[in-house]
Each structure stands twice: as C-alpha cells, then as structure tokens.
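Listing of target.cif; format and content: mmCIF, C-alpha atoms and all ligand atoms; chains and numbers go by the auth columns.
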```cif
data_run
#
loop_
_atom_site.group_PDB
_atom_site.id
_atom_site.type_symbol
_atom_site.label_atom_id
_atom_site.label_comp_id
_atom_site.label_asym_id
_atom_site.label_seq_id
_atom_site.Cartn_x
_atom_site.Cartn_y
_atom_site.Cartn_z
_atom_site.B_iso_or_equiv
_atom_site.auth_seq_id
_atom_site.auth_asym_id
ATOM 1 C CA MET A 1 22.634 42.401 -11.561 0.00 955 A
ATOM 2 C CA ILE A 2 20.744 43.718 -8.532 0.00 956 A
ATOM 3 C CA ALA A 3 23.252 41.882 -6.419 0.00 957 A
ATOM 4 C CA THR A 4 26.149 43.610 -8.139 0.00 958 A
ATOM 5 C CA LEU A 5 24.521 47.017 -7.687 0.00 959 A
ATOM 6 C CA VAL A 6 23.685 46.584 -4.017 0.00 960 A
ATOM 7 C CA GLU A 7 27.056 45.014 -3.384 0.00 961 A
ATOM 8 C CA HIS A 8 28.723 48.429 -3.508 0.00 962 A
ATOM 9 C CA GLY A 9 26.669 49.565 -0.548 0.00 963 A
ATOM 10 C CA MET A 10 26.681 46.406 1.562 0.00 964 A
ATOM 11 C CA GLY A 11 29.921 44.716 0.758 0.00 965 A
ATOM 12 C CA TYR A 12 30.120 40.979 0.164 0.00 966 A
ATOM 13 C CA GLN A 13 27.299 40.004 2.565 0.00 967 A
ATOM 14 C CA ILE A 14 24.789 40.293 -0.278 0.00 968 A
ATOM 15 C CA ASP A 15 26.286 37.232 -1.977 0.00 969 A
ATOM 16 C CA GLY A 16 25.329 34.991 0.888 0.00 970 A
ATOM 17 C CA PHE A 17 21.901 36.610 1.119 0.00 971 A
ATOM 18 C CA MET A 18 21.148 36.067 -2.600 0.00 972 A
ATOM 19 C CA GLY A 19 22.348 32.500 -2.240 0.00 973 A
ATOM 20 C CA LEU A 20 19.844 31.963 0.564 0.00 974 A
ATOM 21 C CA VAL A 21 17.005 33.517 -1.495 0.00 975 A
ATOM 22 C CA VAL A 22 17.811 31.270 -4.460 0.00 976 A
ATOM 23 C CA SER A 23 17.971 28.121 -2.365 0.00 977 A
ATOM 24 C CA LEU A 24 14.664 28.938 -0.631 0.00 978 A
ATOM 25 C CA PHE A 25 13.090 29.480 -4.051 0.00 979 A
ATOM 26 C CA VAL A 26 14.401 26.141 -5.337 0.00 980 A
ATOM 27 C CA LEU A 27 13.155 24.394 -2.184 0.00 981 A
ATOM 28 C CA TYR A 28 9.709 26.000 -2.493 0.00 982 A
ATOM 29 C CA SER A 29 9.291 25.098 -6.196 0.00 983 A
ATOM 30 C CA GLY A 30 10.427 21.567 -5.447 0.00 984 A
ATOM 31 C CA ILE A 31 7.847 21.084 -2.705 0.00 985 A
ATOM 32 C CA SER A 32 4.928 22.553 -4.655 0.00 986 A
ATOM 33 C CA LEU A 33 5.832 20.541 -7.763 0.00 987 A
ATOM 34 C CA ALA A 34 5.964 17.345 -5.706 0.00 988 A
ATOM 35 C CA ARG A 35 2.633 18.151 -4.085 0.00 989 A
ATOM 36 C CA GLU A 36 0.912 18.843 -7.425 0.00 990 A
ATOM 37 C CA THR A 37 2.182 15.571 -8.867 0.00 991 A
ATOM 38 C CA VAL A 38 1.468 13.370 -5.891 0.00 992 A
ATOM 39 C CA SER A 39 -1.946 14.508 -4.632 0.00 993 A
ATOM 40 C CA PRO A 40 -3.974 13.355 -7.697 0.00 994 A
ATOM 41 C CA LEU A 41 -2.145 10.016 -7.504 0.00 995 A
ATOM 42 C CA LEU A 42 -3.393 9.637 -3.951 0.00 996 A
ATOM 43 C CA GLY A 43 -6.945 10.078 -5.231 0.00 997 A
ATOM 44 C CA GLU A 44 -7.148 13.347 -3.335 0.00 998 A
ATOM 45 C CA GLY A 45 -8.583 16.538 -4.745 0.00 999 A
ATOM 46 C CA ALA A 46 -11.644 18.638 -5.297 0.00 1000 A
ATOM 47 C CA ASP A 47 -13.574 15.994 -7.232 0.00 1001 A
ATOM 48 C CA THR A 48 -16.592 16.034 -4.901 0.00 1002 A
ATOM 49 C CA GLU A 49 -18.579 17.624 -7.717 0.00 1003 A
ATOM 50 C CA LEU A 50 -17.643 14.871 -10.172 0.00 1004 A
ATOM 51 C CA ARG A 51 -18.397 12.198 -7.558 0.00 1005 A
ATOM 52 C CA ASP A 52 -21.861 13.682 -6.996 0.00 1006 A
ATOM 53 C CA LYS A 53 -22.566 13.893 -10.728 0.00 1007 A
ATOM 54 C CA LEU A 54 -21.469 10.304 -11.354 0.00 1008 A
ATOM 55 C CA THR A 55 -23.506 8.942 -8.436 0.00 1009 A
ATOM 56 C CA LYS A 56 -26.612 10.920 -9.411 0.00 1010 A
ATOM 57 C CA TYR A 57 -26.352 9.796 -13.023 0.00 1011 A
ATOM 58 C CA ILE A 58 -25.878 6.099 -12.146 0.00 1012 A
ATOM 59 C CA GLN A 59 -28.781 6.157 -9.672 0.00 1013 A
ATOM 60 C CA SER A 60 -31.029 7.684 -12.327 0.00 1014 A
ATOM 61 C CA CYS A 61 -30.360 4.816 -14.765 0.00 1015 A
ATOM 62 C CA GLU A 62 -32.888 2.142 -15.578 0.00 1016 A
ATOM 63 C CA MET A 63 -32.613 -1.132 -13.592 0.00 1017 A
ATOM 64 C CA VAL A 64 -30.187 0.350 -11.048 0.00 1018 A
ATOM 65 C CA ILE A 65 -31.281 -0.414 -7.485 0.00 1019 A
ATOM 66 C CA GLY A 66 -28.319 1.297 -5.843 0.00 1020 A
ATOM 67 C CA CYS A 67 -24.593 1.970 -6.083 0.00 1021 A
ATOM 68 C CA HIS A 68 -21.596 2.203 -3.739 0.00 1022 A
ATOM 69 C CA ASP A 69 -17.785 2.084 -3.482 0.00 1023 A
ATOM 70 C CA LEU A 70 -17.126 4.844 -6.011 0.00 1024 A
ATOM 71 C CA MET A 71 -13.422 5.542 -6.570 0.00 1025 A
ATOM 72 C CA VAL A 72 -12.145 8.390 -8.740 0.00 1026 A
ATOM 73 C CA HIS A 73 -8.565 8.815 -9.941 0.00 1027 A
ATOM 74 C CA ASP A 74 -7.943 12.000 -11.864 0.00 1028 A
ATOM 75 C CA TYR A 75 -4.603 12.159 -13.689 0.00 1029 A
ATOM 76 C CA GLY A 76 -5.518 15.285 -15.643 0.00 1030 A
ATOM 77 C CA PRO A 77 -7.714 16.197 -18.642 0.00 1031 A
ATOM 78 C CA GLY A 78 -8.925 13.131 -20.552 0.00 1032 A
ATOM 79 C CA GLN A 79 -7.217 10.923 -17.960 0.00 1033 A
ATOM 80 C CA CYS A 80 -9.930 10.536 -15.367 0.00 1034 A
ATOM 81 C CA PHE A 81 -10.587 6.943 -14.286 0.00 1035 A
ATOM 82 C CA ALA A 82 -13.290 5.730 -11.938 0.00 1036 A
ATOM 83 C CA SER A 83 -14.914 2.546 -10.687 0.00 1037 A
ATOM 84 C CA ILE A 84 -18.222 1.922 -8.961 0.00 1038 A
ATOM 85 C CA HIS A 85 -20.384 -0.988 -7.782 0.00 1039 A
ATOM 86 C CA VAL A 86 -23.876 -1.058 -9.268 0.00 1040 A
ATOM 87 C CA GLU A 87 -26.700 -3.171 -7.832 0.00 1041 A
ATOM 88 C CA ILE A 88 -29.120 -4.793 -10.271 0.00 1042 A
ATOM 89 C CA ASP A 89 -31.859 -7.355 -9.603 0.00 1043 A
ATOM 90 C CA LYS A 90 -30.330 -10.831 -10.047 0.00 1044 A
ATOM 91 C CA ASN A 91 -33.402 -11.911 -12.036 0.00 1045 A
ATOM 92 C CA VAL A 92 -32.643 -9.457 -14.842 0.00 1046 A
ATOM 93 C CA ASP A 93 -31.074 -11.401 -17.704 0.00 1047 A
ATOM 94 C CA ALA A 94 -27.245 -11.253 -17.687 0.00 1048 A
ATOM 95 C CA LEU A 95 -27.098 -9.986 -21.279 0.00 1049 A
ATOM 96 C CA VAL A 96 -29.602 -7.237 -20.493 0.00 1050 A
ATOM 97 C CA SER A 97 -27.724 -6.208 -17.320 0.00 1051 A
ATOM 98 C CA HIS A 98 -24.455 -6.150 -19.197 0.00 1052 A
ATOM 99 C CA GLU A 99 -26.006 -4.036 -21.964 0.00 1053 A
ATOM 100 C CA ALA A 100 -27.221 -1.495 -19.373 0.00 1054 A
ATOM 101 C CA ILE A 101 -23.816 -1.436 -17.649 0.00 1055 A
ATOM 102 C CA ASP A 102 -22.007 -0.951 -20.955 0.00 1056 A
ATOM 103 C CA ARG A 103 -24.318 1.945 -21.799 0.00 1057 A
ATOM 104 C CA MET A 104 -23.639 3.638 -18.436 0.00 1058 A
ATOM 105 C CA GLU A 105 -19.878 3.327 -18.954 0.00 1059 A
ATOM 106 C CA ARG A 106 -20.091 4.854 -22.437 0.00 1060 A
ATOM 107 C CA GLU A 107 -22.398 7.662 -21.265 0.00 1061 A
ATOM 108 C CA CYS A 108 -20.014 8.580 -18.432 0.00 1062 A
ATOM 109 C CA LEU A 109 -17.163 8.932 -20.894 0.00 1063 A
ATOM 110 C CA LYS A 110 -19.316 11.199 -23.090 0.00 1064 A
ATOM 111 C CA LYS A 111 -20.970 13.234 -20.318 0.00 1065 A
ATOM 112 C CA PHE A 112 -18.182 13.514 -17.746 0.00 1066 A
ATOM 113 C CA ASP A 113 -15.022 12.664 -19.716 0.00 1067 A
ATOM 114 C CA THR A 114 -14.472 9.823 -17.238 0.00 1068 A
ATOM 115 C CA HIS A 115 -13.408 6.258 -18.002 0.00 1069 A
ATOM 116 C CA LEU A 116 -15.755 4.419 -15.666 0.00 1070 A
ATOM 117 C CA VAL A 117 -15.566 0.699 -14.932 0.00 1071 A
ATOM 118 C CA ILE A 118 -18.681 -0.778 -13.328 0.00 1072 A
ATOM 119 C CA HIS A 119 -18.640 -3.757 -10.982 0.00 1073 A
ATOM 120 C CA TYR A 120 -21.936 -5.647 -11.102 0.00 1074 A
ATOM 121 C CA ASP A 121 -23.581 -6.584 -7.783 0.00 1075 A
ATOM 122 C CA PRO A 122 -26.590 -8.893 -8.232 0.00 1076 A
ATOM 123 C CA VAL A 123 -29.278 -8.184 -5.648 0.00 1077 A
ATOM 124 C CA ILE A 124 -31.733 -10.814 -4.397 0.00 1078 A
ATOM 125 C CA THR A 125 -35.147 -9.204 -4.339 0.00 1079 A
ATOM 126 C CA ASP A 126 -37.422 -12.209 -3.857 0.00 1080 A
ATOM 127 C CA ASP A 127 -35.943 -14.026 -0.847 0.00 1081 A
ATOM 128 C CA LYS A 128 -38.324 -13.429 2.068 0.00 1082 A
ATOM 129 C CA GLU A 129 -35.984 -14.926 4.676 0.00 1083 A
ATOM 130 C CA ALA A 130 -32.980 -12.869 3.558 0.00 1084 A
ATOM 131 C CA ASP A 131 -35.179 -9.772 3.421 0.00 1085 A
ATOM 132 C CA ALA A 132 -36.388 -10.304 6.969 0.00 1086 A
ATOM 133 C CA LEU A 133 -32.802 -10.778 8.198 0.00 1087 A
ATOM 134 C CA LYS A 134 -31.681 -7.655 6.376 0.00 1088 A
ATOM 135 C CA GLN A 135 -34.502 -5.694 8.020 0.00 1089 A
ATOM 136 C CA LYS A 136 -33.397 -7.030 11.407 0.00 1090 A
ATOM 137 C CA VAL A 137 -29.809 -5.905 10.798 0.00 1091 A
ATOM 138 C CA LEU A 138 -31.044 -2.514 9.557 0.00 1092 A
ATOM 139 C CA VAL A 139 -32.980 -2.030 12.790 0.00 1093 A
ATOM 140 C CA CYS A 140 -29.822 -2.911 14.796 0.00 1094 A
ATOM 141 C CA ILE A 141 -27.598 -0.449 12.957 0.00 1095 A
ATOM 142 C CA GLY A 142 -30.312 2.219 13.099 0.00 1096 A
ATOM 143 C CA LYS A 143 -30.197 1.948 16.889 0.00 1097 A
ATOM 144 C CA ILE A 144 -26.396 2.225 16.951 0.00 1098 A
ATOM 145 C CA ASN A 145 -26.251 5.233 14.620 0.00 1099 A
ATOM 146 C CA PRO A 146 -28.725 6.191 11.866 0.00 1100 A
ATOM 147 C CA GLN A 147 -25.837 7.504 9.739 0.00 1101 A
ATOM 148 C CA ILE A 148 -24.497 3.974 9.152 0.00 1102 A
ATOM 149 C CA THR A 149 -25.541 2.523 5.789 0.00 1103 A
ATOM 150 C CA LEU A 150 -25.585 -1.085 4.608 0.00 1104 A
ATOM 151 C CA HIS A 151 -25.038 -2.689 1.212 0.00 1105 A
ATOM 152 C CA ASP A 152 -24.198 -6.042 -0.431 0.00 1106 A
ATOM 153 C CA PHE A 153 -26.244 -8.079 2.056 0.00 1107 A
ATOM 154 C CA ARG A 154 -25.966 -11.858 1.513 0.00 1108 A
ATOM 155 C CA VAL A 155 -27.079 -14.907 3.464 0.00 1109 A
ATOM 156 C CA SER A 156 -25.312 -18.265 3.359 0.00 1110 A
ATOM 157 C CA ARG A 157 -25.552 -21.414 5.423 0.00 1111 A
ATOM 158 C CA CYS A 158 -22.411 -22.490 7.209 0.00 1112 A
ATOM 159 C CA GLU A 159 -22.427 -25.630 9.361 0.00 1113 A
ATOM 160 C CA PRO A 160 -23.033 -24.458 12.880 0.00 1114 A
ATOM 161 C CA GLY A 161 -25.425 -21.734 11.729 0.00 1115 A
ATOM 162 C CA ILE A 162 -26.163 -18.980 9.237 0.00 1116 A
ATOM 163 C CA ARG A 163 -23.618 -16.515 7.916 0.00 1117 A
ATOM 164 C CA LEU A 164 -24.633 -12.935 7.158 0.00 1118 A
ATOM 165 C CA THR A 165 -22.206 -11.136 4.866 0.00 1119 A
ATOM 166 C CA PHE A 166 -22.508 -7.409 4.282 0.00 1120 A
ATOM 167 C CA ASP A 167 -20.728 -4.064 4.015 0.00 1121 A
ATOM 168 C CA LEU A 168 -21.275 -1.197 6.421 0.00 1122 A
ATOM 169 C CA VAL A 169 -20.364 2.399 5.626 0.00 1123 A
ATOM 170 C CA LEU A 170 -19.521 4.279 8.828 0.00 1124 A
ATOM 171 C CA PRO A 171 -19.408 8.025 9.401 0.00 1125 A
ATOM 172 C CA GLU A 172 -15.835 9.157 10.133 0.00 1126 A
ATOM 173 C CA SER A 173 -16.638 9.586 13.841 0.00 1127 A
ATOM 174 C CA LEU A 174 -17.199 5.822 14.237 0.00 1128 A
ATOM 175 C CA GLU A 175 -14.045 4.770 12.399 0.00 1129 A
ATOM 176 C CA ARG A 176 -12.470 3.338 15.565 0.00 1130 A
ATOM 177 C CA LYS A 177 -15.635 1.604 16.823 0.00 1131 A
ATOM 178 C CA LYS A 178 -15.693 -1.259 14.297 0.00 1132 A
ATOM 179 C CA ASN A 179 -15.227 -4.111 16.798 0.00 1133 A
ATOM 180 C CA GLN A 180 -17.791 -2.657 19.165 0.00 1134 A
ATOM 181 C CA ILE A 181 -20.345 -2.276 16.368 0.00 1135 A
ATOM 182 C CA GLN A 182 -19.757 -5.837 15.159 0.00 1136 A
ATOM 183 C CA GLU A 183 -20.231 -7.206 18.702 0.00 1137 A
ATOM 184 C CA GLN A 184 -23.359 -5.133 19.244 0.00 1138 A
ATOM 185 C CA ILE A 185 -25.029 -6.395 16.049 0.00 1139 A
ATOM 186 C CA GLN A 186 -23.912 -9.962 16.750 0.00 1140 A
ATOM 187 C CA ALA A 187 -25.489 -9.891 20.226 0.00 1141 A
ATOM 188 C CA GLU A 188 -28.682 -8.192 19.071 0.00 1142 A
ATOM 189 C CA ILE A 189 -29.288 -10.480 16.077 0.00 1143 A
ATOM 190 C CA ASN A 190 -28.743 -13.656 18.133 0.00 1144 A
ATOM 191 C CA ARG A 191 -31.001 -12.582 20.988 0.00 1145 A
ATOM 192 C CA ASP A 192 -34.159 -14.778 21.214 0.00 1146 A
ATOM 193 C CA SER A 193 -33.152 -16.654 18.080 0.00 1147 A
ATOM 194 C CA ALA A 194 -33.142 -20.418 17.512 0.00 1148 A
ATOM 195 C CA ASP A 195 -30.549 -20.103 14.747 0.00 1149 A
ATOM 196 C CA LYS A 196 -26.957 -19.090 15.398 0.00 1150 A
ATOM 197 C CA TYR A 197 -25.862 -16.162 13.228 0.00 1151 A
ATOM 198 C CA PHE A 198 -22.283 -15.341 12.272 0.00 1152 A
ATOM 199 C CA LEU A 199 -21.367 -11.967 10.873 0.00 1153 A
ATOM 200 C CA ASP A 200 -18.887 -11.288 8.117 0.00 1154 A
ATOM 201 C CA ILE A 201 -18.749 -7.505 7.878 0.00 1155 A
ATOM 202 C CA THR A 202 -16.620 -5.361 5.595 0.00 1156 A
ATOM 203 C CA PHE A 203 -16.304 -1.847 6.991 0.00 1157 A
ATOM 204 C CA ASP A 204 -15.946 1.280 4.884 0.00 1158 A
ATOM 205 C CA VAL A 205 -15.621 4.847 6.074 0.00 1159 A
ATOM 206 C CA GLU A 206 -17.720 7.510 4.401 0.00 1160 A
ATOM 207 C CA ASP A 207 -15.885 9.816 1.993 0.00 1161 A
ATOM 208 C CA ARG A 208 -15.382 13.200 3.500 0.00 1162 A
HETATM 209 ZN ZN ZN B . -20.417 -4.099 -3.879 0.00 1201 A
HETATM 210 ZN ZN ZN B . -18.587 -5.413 -21.211 0.00 1202 A
#
```
Translate the structure of the given file into structure tokens.
Amino acid sequence: MIATLVEHGMGYQIDGFMGLVVSLFVLYSGISLARETVSPLLGEGADTELRDKLTKYIQSCEMVIGCHDLMVHDYGPGQCFASIHVEIDKNVDALVSHEAIDRMERECLKKFDTHLVIHYDPVITDDKEADALKQKVLVCIGKINPQITLHDFRVSRCEPGIRLTFDLVLPESLERKKNQIQEQIQAEINRDSADKYFLDITFDVEDR
C-alpha cells in the first residue's frame, strides 16, 4: 500500500526499491534462523554458567576425586544433554561406585534439568611407583607452564620400557605447541633414568 501511495510521486522506481527491501529482509531472516538452529548443535552458546554448576556439583559429591572432559549439548528446554568423566578410587566397590554415579546423574536431571551421562575413571591411589612418576611429570609440566593440567595418569609396562599414558589440558595459547611439549617432557623424564619411558599423551584444549 505504501508502495502504491509513494508510486505517484516517484514513478515506477519504487517497485524495484521495495523488491530490494523484501529480498534483504528474506535474506536476513534466513541467516538468523540458520544461526539460531545451528549454534546449539555445535555445542556453542552461553552455557558457561551451567558448566560451572555441573562441575561444582560433581566435585562436591562423595567419593569423587576429580572430574574432566565435560561436554554440554543444549537443544532447548528439557533437551539438555551432557557427559563428564568422574574419577573414583579403584578400590571402591564397583556396585558402590555405580550407585554413586547413578545418584549424580539423577540429581543433575532434577537440579539442572540436564540429562547427564557419567564416564567412570578408576584412579589408582595406592601405587607408590605410579605416584612418584606422576609427581615427576607434574614437575615437568609445571616448569613448561603452570596452567597445564593433567588427568587420567596410567603406567603400563611395554617391552623396551615403561609407558606413561595421560591427558594434558592446555591453555589456548599453547594449542600449537603439542609436539614441543611432548618432546620436552620425554627428554626431562628420561634424564638420569635407568628405565626408558615412552609417553602416550592425549591433548585437550581448555574451554574458553
Ligand atoms: Zn577420563
Ligand atoms: Zn547405571
């Protein structure tokens, strides 16, 4: 209607102009709709608060030594799914650990409306040799950068030596230094040592 009114003053140019306005509007709605639909699917979004709440709650639970690798996928109200690794002493009975894990999952649904799945990581707490090796690795990574954290530390014997398997969480600034870090730890841990150590490291980058 506006177009018809203005048309009298401006001739037929207005038709093309209105056409342009309409197509820009369609383009804009299309892009914002696509963005709204896709970003939660990519696990993106302002769920830092939920992540903090979940982590704090899990860490406060009985028997939990630590937790890591939290992933949150929010598909809308009542459709929030998450997973996390929870460390529990390997000497705690499997049925008891499972009971505790089940309880945490149910509580998270009640408290935070989040369907949480917990991956159980048994932690060895009474192996002196593994403990000493872990301390050695911790000292190495502390020297490289105190912001690096370590989890899931395991020791296994492989024929020419001893294999150390663990995960390192790097600050974003060190994302491209993985090989360097691995070589540095490898050199440091094998210095003045009768045993030959091999490293099997899984790198993660801290959530921003
Ligand atoms: Zn783990
Ligand atoms: Zn279960």
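Between atom CA of A:Ser1037 and atom CA of A:Val1123 the interatomic distance comes to 17.2 Å.
Counting all atoms listed in the file and comparing A:Val1050, A:Leu1104, A:Val1159, A:Ala1086, the residue that lies closest to ligand ZN 1202 (chain A) is A:Val1050.
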Residues within 8 Å of A:Ile1038, all atoms listed in the file, excluding chain neighbours under 5 positions, as a short mmCIF file (atom, residue, chain, number, x, y, z; two decimals) with C-alpha atoms, in the coordinates of the input:
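Everything below was put into selection_39.cif:
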```cif
data_model
loop_
_atom_site.label_atom_id
_atom_site.label_comp_id
_atom_site.auth_asym_id
_atom_site.auth_seq_id
_atom_site.Cartn_x
_atom_site.Cartn_y
_atom_site.Cartn_z
CA CYS A 1021 -24.59 1.97 -6.08
CA HIS A 1022 -21.60 2.20 -3.74
CA ASP A 1023 -17.78 2.08 -3.48
CA LEU A 1024 -17.13 4.84 -6.01
CA MET A 1025 -13.42 5.54 -6.57
CA LEU A 1070 -15.76 4.42 -15.67
CA VAL A 1071 -15.57 0.70 -14.93
CA ILE A 1072 -18.68 -0.78 -13.33
CA HIS A 1073 -18.64 -3.76 -10.98
#
```
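With only C-alpha atoms and all ligand atoms as the atoms that count, the minimum distance from ligand ZN 1202 (chain A) to the choices A:Ile1012, A:Ala1054, A:Ile1019, A:Leu974 is reached by A:Ala1054.
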- Could you tell me which of A:Leu1087, A:Phe1066, A:Gly1096, A:Leu1153 comes closest to A:Gly1032 if we count all atoms listed in the file? A:Phe1066
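As for atom CA of A:Lys1088 and atom CA of A:Glu1129, they are spaced 22.4 Å apart.
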- Query: Residues at most 9 Å from ligand ZN 1202 (chain A), using all atoms listed in the file? Could they come as a list of chain:residue names?
  - Reply: A:His1052, A:Glu1053, A:Ile1055, A:Asp1056
- Task: Could you tell me, counting all atoms listed in the file, which protein and nucleic acid residues lie no more than 6 Å from ligand ZN 1201 (chain A), written as number ranges by chain?
- Result: A: 1039, 1075, 1106
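With all atoms listed in the file as the atoms that count, the residue of A:Leu1063, A:Leu1092, A:Met1017, A:Leu981 with the shortest distance to A:Phe1107 is A:Leu1092.
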- Gap from atom CA of A:Gln1101 to atom CA of A:Pro1076 - Å, one decimal: 24.3 Å
- Message: Once the PyMOL selection byres (((chain A and resi 1119) around 12) and not hetatm) has been evaluated on this model, what residues remain selected, and can you format them as number ranges by chain?
- Response: A: 1084, 1087-1088, 1091, 1104-1112, 1116-1118, 1120-1122, 1136, 1151-1157
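Proximity of A:Asp1006, A:Asp1081, A:Asp1028, A:Glu1041 to A:Asp1161, computed with all atoms listed in the file, is greatest for A:Asp1006.
Among the candidates A:Cys1015, A:Thr1068, A:Tyr1029, A:Lys1090, the residue lying nearest to A:Arg1145 is A:Lys1090 (atoms considered: only C-alpha atoms).
The list of residues within 8 Å of (-18.4, 11.6, 6.5), counted using all atoms listed in the file, is Leu1124, Pro1125, Glu1126, Ser1127, Val1159, Glu1160, Asp1161 and Arg1162 of chain A.
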